[in-house]
Amino acid sequence: MYGIVNKAIEELVTANFGADKWEAIKLRSGIDVDFFISSEPYDDAITFKLAQAVSEEMGMTLSAVLVAFGEWWVVKTTKDKYGGLMEAGGDNLKEFLINLPLFHNRVMLIYPKLTPPEFKISDVTENSINLHYFSKREGLQDFVRGLIQGLGIMYDTPVKINLIQTRDEGCSHEIFNVIW
């Protein structure tokens with residue numbers, strides 16, 4: 001993952017718990033990196049070690065950490081750093097989700113070494129959509145749940161998210177039913 005992801009974890013922790021807590025998390029994770037460069041790729045293992053260390057240090061489940069980080073990623077990181085890109089996604093939650101399959105094509109112009117997930121949509125209704133999530137990375141479905149919740153916050157649209165299919169049960173990908 002790119003350094004911007006690890007920097008965002010750092011920003012989430014320091015904004016909510018302080019710099020001392022971030023230092024404790026880095027120590028616990030065993031990651032010996034003084035600072036992350038946003039535009040540089042890092043091994044995925046670093047990000048997972050940081051998330052696990054946040055979980056242990058804060059007494060939270062890893063699931064809760066990933067959901068919180070997903071929300072932070074949308075509401076804070078991408079909105080602050082890539083506001084124009086986010087705004088181009090649509091005028092409301094439904095439009096953004098419909099346009100999501102094309103979103104990472106634009107992101108790859110900024111981060112050419114990105115290995116993005118793939119999203120597809122199905123079963124679009126007036127107030128719901130099925131979001132299909134395909135990724136080479138496993139264990140990030142709670143992060144995606146947080147992203148969807150963050151989009152709901154960004155568009156001031158309360159969402160209900162049901163996981164209706166998962167790789168944890170032998171399926172090829174996750175499907176989230178998103179209701180607003």
# chains A, B, ... in the order shown; residues from 1 in each chain; ligands from 1

$ closest_atom_pairs --of "range 57-140 of chain A" --to "range 35-51 of chain A" --cutoff "9 Å" --atoms "only C-alpha atoms" --output "CSV"
residue,atom,partner,partner_atom,distance
A:Leu62,CA,A:Ala51,CA,6.9
A:Val65,CA,A:Ala51,CA,6.8
A:Leu66,CA,A:Ala51,CA,7.3
A:Phe69,CA,A:Ala51,CA,8.9
A:Ile110,CA,A:Ser39,CA,8.5
A:Tyr111,CA,A:Ser39,CA,7.0
A:Lys113,CA,A:Pro41,CA,7.4
A:Leu114,CA,A:Pro41,CA,8.0
A:Arg137,CA,A:Asp44,CA,8.7

$ residues_around --residues "Glu174 in chain A" --least-positions-apart "2" --cutoff "12 Å" --atoms "only C-alpha atoms" --output "PyMOL selection string"
chain A and resi 117-121+130-142+144-145+162-172+176-177

$ select_by_dssp --residues "range 117-167 of chain A" --states "helix (DSSP H, G or I)" --output "MDAnalysis selection string"
chainID A and resid 141:154 167

$ write_last_selection --atoms "N, CA and C atoms" --output "PDB file, in the first residue's frame"
ATOM      1  N   GLN A 141     -12.516  -6.394   4.375  1.00  0.00           N
ATOM      2  CA  GLN A 141     -13.948  -6.138   4.209  1.00  0.00           C
ATOM      3  C   GLN A 141     -14.468  -5.145   5.247  1.00  0.00           C
ATOM      4  N   ASP A 142     -13.906  -5.138   6.456  1.00  0.00           N
ATOM      5  CA  ASP A 142     -14.355  -4.156   7.454  1.00  0.00           C
ATOM      6  C   ASP A 142     -13.889  -2.747   7.094  1.00  0.00           C
ATOM      7  N   PHE A 143     -12.734  -2.648   6.457  1.00  0.00           N
ATOM      8  CA  PHE A 143     -12.278  -1.350   5.956  1.00  0.00           C
ATOM      9  C   PHE A 143     -13.254  -0.836   4.899  1.00  0.00           C
ATOM     10  N   VAL A 144     -13.703  -1.713   4.002  1.00  0.00           N
ATOM     11  CA  VAL A 144     -14.666  -1.319   2.972  1.00  0.00           C
ATOM     12  C   VAL A 144     -15.984  -0.905   3.625  1.00  0.00           C
ATOM     13  N   ARG A 145     -16.401  -1.627   4.648  1.00  0.00           N
ATOM     14  CA  ARG A 145     -17.604  -1.231   5.392  1.00  0.00           C
ATOM     15  C   ARG A 145     -17.434   0.189   5.934  1.00  0.00           C
ATOM     16  N   GLY A 146     -16.272   0.483   6.485  1.00  0.00           N
ATOM     17  CA  GLY A 146     -15.992   1.829   6.985  1.00  0.00           C
ATOM     18  C   GLY A 146     -15.998   2.865   5.883  1.00  0.00           C
ATOM     19  N   LEU A 147     -15.455   2.497   4.713  1.00  0.00           N
ATOM     20  CA  LEU A 147     -15.484   3.420   3.571  1.00  0.00           C
ATOM     21  C   LEU A 147     -16.918   3.777   3.201  1.00  0.00           C
ATOM     22  N   ILE A 148     -17.775   2.764   3.158  1.00  0.00           N
ATOM     23  CA  ILE A 148     -19.182   3.002   2.802  1.00  0.00           C
ATOM     24  C   ILE A 148     -19.840   3.889   3.855  1.00  0.00           C
ATOM     25  N   GLN A 149     -19.574   3.610   5.127  1.00  0.00           N
ATOM     26  CA  GLN A 149     -20.120   4.451   6.199  1.00  0.00           C
ATOM     27  C   GLN A 149     -19.588   5.877   6.065  1.00  0.00           C
ATOM     28  N   GLY A 150     -18.305   6.015   5.729  1.00  0.00           N
ATOM     29  CA  GLY A 150     -17.724   7.340   5.535  1.00  0.00           C
ATOM     30  C   GLY A 150     -18.379   8.091   4.390  1.00  0.00           C
ATOM     31  N   LEU A 151     -18.698   7.366   3.318  1.00  0.00           N
ATOM     32  CA  LEU A 151     -19.404   8.007   2.199  1.00  0.00           C
ATOM     33  C   LEU A 151     -20.786   8.472   2.645  1.00  0.00           C
ATOM     34  N   GLY A 152     -21.448   7.676   3.475  1.00  0.00           N
ATOM     35  CA  GLY A 152     -22.735   8.093   4.025  1.00  0.00           C
ATOM     36  C   GLY A 152     -22.598   9.389   4.811  1.00  0.00           C
ATOM     37  N   ILE A 153     -21.534   9.487   5.608  1.00  0.00           N
ATOM     38  CA  ILE A 153     -21.280  10.710   6.388  1.00  0.00           C
ATOM     39  C   ILE A 153     -20.994  11.876   5.434  1.00  0.00           C
ATOM     40  N   MET A 154     -20.155  11.630   4.439  1.00  0.00           N
ATOM     41  CA  MET A 154     -19.779  12.681   3.495  1.00  0.00           C
ATOM     42  C   MET A 154     -21.006  13.251   2.773  1.00  0.00           C
ATOM     43  N   ARG A 167     -15.821 -13.840   1.120  1.00  0.00           N
ATOM     44  CA  ARG A 167     -14.788 -14.846   0.861  1.00  0.00           C
ATOM     45  C   ARG A 167     -14.575 -15.720   2.085  1.00  0.00           C
TER      46      ARG A 167
END

$ residues_around --residues "range 20-25 of chain A" --least-positions-apart "4" --cutoff "10 Å" --atoms "only C-alpha atoms" --output "list in words"
Ile9, Glu10, Glu11, Leu12, Val13, Thr14, Ala15, Asn16, Ser29, Gly30, Ile31, Asp34, Lys49, Leu50, Ala51, Gln52, Ala53, Val54, Ser55, Glu56, Glu57 and Met58 of chain A

$ atom_distance --atom1 "CA of Thr157 in chain A" --atom2 "CA of Asn127 in chain A"
10.7 Å

$ residues_around --residues "Lys160 in chain A" --least-positions-apart "6" --cutoff "8 Å" --atoms "only C-alpha atoms" --output "NGL selection string"
:A and (178-180)

$ write_last_selection --atoms "N, CA, C and O atoms" --output "short mmCIF file (atom, residue, chain, number, x, y, z; two decimals), in the first residue's frame"
data_model
loop_
_atom_site.label_atom_id
_atom_site.label_comp_id
_atom_site.auth_asym_id
_atom_site.auth_seq_id
_atom_site.Cartn_x
_atom_site.Cartn_y
_atom_site.Cartn_z
N VAL A 178 -26.13 -2.06 0.28
CA VAL A 178 -26.10 -0.74 0.90
C VAL A 178 -27.48 -0.12 0.74
O VAL A 178 -28.00 0.02 -0.37
N ILE A 179 -28.08 0.25 1.88
CA ILE A 179 -29.42 0.83 1.90
C ILE A 179 -29.32 2.23 2.50
O ILE A 179 -28.66 2.44 3.50
N TRP A 180 -30.00 3.18 1.89
CA TRP A 180 -30.02 4.55 2.43
C TRP A 180 -31.41 5.07 2.52
O TRP A 180 -32.34 4.52 2.01
#

$ select_by_dssp --residues "range 14-170 of chain A" --states "strand (DSSP E)" --output "list in words"
Glu118, Phe119, Lys120, Ile121, Ser122, Ser128, Ile129, Asn130, Leu131, His132, Tyr133, Phe134, Lys160, Ile161, Asn162, Leu163, Ile164 and Gln165 of chain A

$ write_last_selection --atoms "N, CA and C atoms" --output "PDB file, in the first residue's frame"
ATOM      1  N   GLU A 118     -11.378  -3.894  -7.155  1.00  0.00           N
ATOM      2  CA  GLU A 118     -12.336  -3.669  -8.222  1.00  0.00           C
ATOM      3  C   GLU A 118     -13.725  -3.684  -7.597  1.00  0.00           C
ATOM      4  N   PHE A 119     -14.550  -2.759  -8.039  1.00  0.00           N
ATOM      5  CA  PHE A 119     -15.927  -2.698  -7.575  1.00  0.00           C
ATOM      6  C   PHE A 119     -16.860  -2.845  -8.761  1.00  0.00           C
ATOM      7  N   LYS A 120     -17.935  -3.555  -8.541  1.00  0.00           N
ATOM      8  CA  LYS A 120     -19.019  -3.643  -9.518  1.00  0.00           C
ATOM      9  C   LYS A 120     -20.311  -3.406  -8.757  1.00  0.00           C
ATOM     10  N   ILE A 121     -21.333  -2.997  -9.462  1.00  0.00           N
ATOM     11  CA  ILE A 121     -22.619  -2.761  -8.817  1.00  0.00           C
ATOM     12  C   ILE A 121     -23.689  -3.623  -9.471  1.00  0.00           C
ATOM     13  N   SER A 122     -24.720  -3.912  -8.703  1.00  0.00           N
ATOM     14  CA  SER A 122     -25.870  -4.649  -9.237  1.00  0.00           C
ATOM     15  C   SER A 122     -27.087  -4.297  -8.390  1.00  0.00           C
ATOM     16  N   SER A 128     -31.264   1.591  -2.634  1.00  0.00           N
ATOM     17  CA  SER A 128     -30.278   0.561  -2.288  1.00  0.00           C
ATOM     18  C   SER A 128     -29.466   0.159  -3.518  1.00  0.00           C
ATOM     19  N   ILE A 129     -28.362  -0.517  -3.230  1.00  0.00           N
ATOM     20  CA  ILE A 129     -27.479  -1.005  -4.289  1.00  0.00           C
ATOM     21  C   ILE A 129     -26.677  -2.164  -3.713  1.00  0.00           C
ATOM     22  N   ASN A 130     -26.325  -3.105  -4.553  1.00  0.00           N
ATOM     23  CA  ASN A 130     -25.383  -4.142  -4.153  1.00  0.00           C
ATOM     24  C   ASN A 130     -24.016  -3.758  -4.699  1.00  0.00           C
ATOM     25  N   LEU A 131     -23.048  -3.688  -3.804  1.00  0.00           N
ATOM     26  CA  LEU A 131     -21.683  -3.317  -4.151  1.00  0.00           C
ATOM     27  C   LEU A 131     -20.814  -4.564  -4.055  1.00  0.00           C
ATOM     28  N   HIS A 132     -20.256  -4.969  -5.194  1.00  0.00           N
ATOM     29  CA  HIS A 132     -19.394  -6.146  -5.261  1.00  0.00           C
ATOM     30  C   HIS A 132     -17.947  -5.676  -5.109  1.00  0.00           C
ATOM     31  N   TYR A 133     -17.222  -6.293  -4.174  1.00  0.00           N
ATOM     32  CA  TYR A 133     -15.849  -5.908  -3.862  1.00  0.00           C
ATOM     33  C   TYR A 133     -14.911  -7.068  -4.176  1.00  0.00           C
ATOM     34  N   PHE A 134     -13.987  -6.831  -5.117  1.00  0.00           N
ATOM     35  CA  PHE A 134     -12.989  -7.819  -5.508  1.00  0.00           C
ATOM     36  C   PHE A 134     -11.608  -7.254  -5.159  1.00  0.00           C
ATOM     37  N   LYS A 160     -27.333   1.754   5.901  1.00  0.00           N
ATOM     38  CA  LYS A 160     -27.353   0.444   6.537  1.00  0.00           C
ATOM     39  C   LYS A 160     -26.610  -0.477   5.577  1.00  0.00           C
ATOM     40  N   ILE A 161     -25.678  -1.259   6.114  1.00  0.00           N
ATOM     41  CA  ILE A 161     -24.838  -2.107   5.271  1.00  0.00           C
ATOM     42  C   ILE A 161     -24.995  -3.553   5.719  1.00  0.00           C
ATOM     43  N   ASN A 162     -25.377  -4.397   4.775  1.00  0.00           N
ATOM     44  CA  ASN A 162     -25.483  -5.829   5.045  1.00  0.00           C
ATOM     45  C   ASN A 162     -24.477  -6.563   4.173  1.00  0.00           C
ATOM     46  N   LEU A 163     -23.651  -7.386   4.786  1.00  0.00           N
ATOM     47  CA  LEU A 163     -22.723  -8.217   4.030  1.00  0.00           C
ATOM     48  C   LEU A 163     -23.488  -9.468   3.626  1.00  0.00           C
ATOM     49  N   ILE A 164     -23.738  -9.613   2.332  1.00  0.00           N
ATOM     50  CA  ILE A 164     -24.576 -10.732   1.888  1.00  0.00           C
ATOM     51  C   ILE A 164     -23.767 -11.859   1.241  1.00  0.00           C
ATOM     52  N   GLN A 165     -22.478 -11.625   1.006  1.00  0.00           N
ATOM     53  CA  GLN A 165     -21.600 -12.668   0.492  1.00  0.00           C
ATOM     54  C   GLN A 165     -20.181 -12.323   0.903  1.00  0.00           C
TER      55      GLN A 165
END

$ closest_residue --among "A:Val5, A:Ile175, A:Val124, A:Val107" --to "Leu85 in chain A" --atoms "only C-alpha atoms"
A:Val107
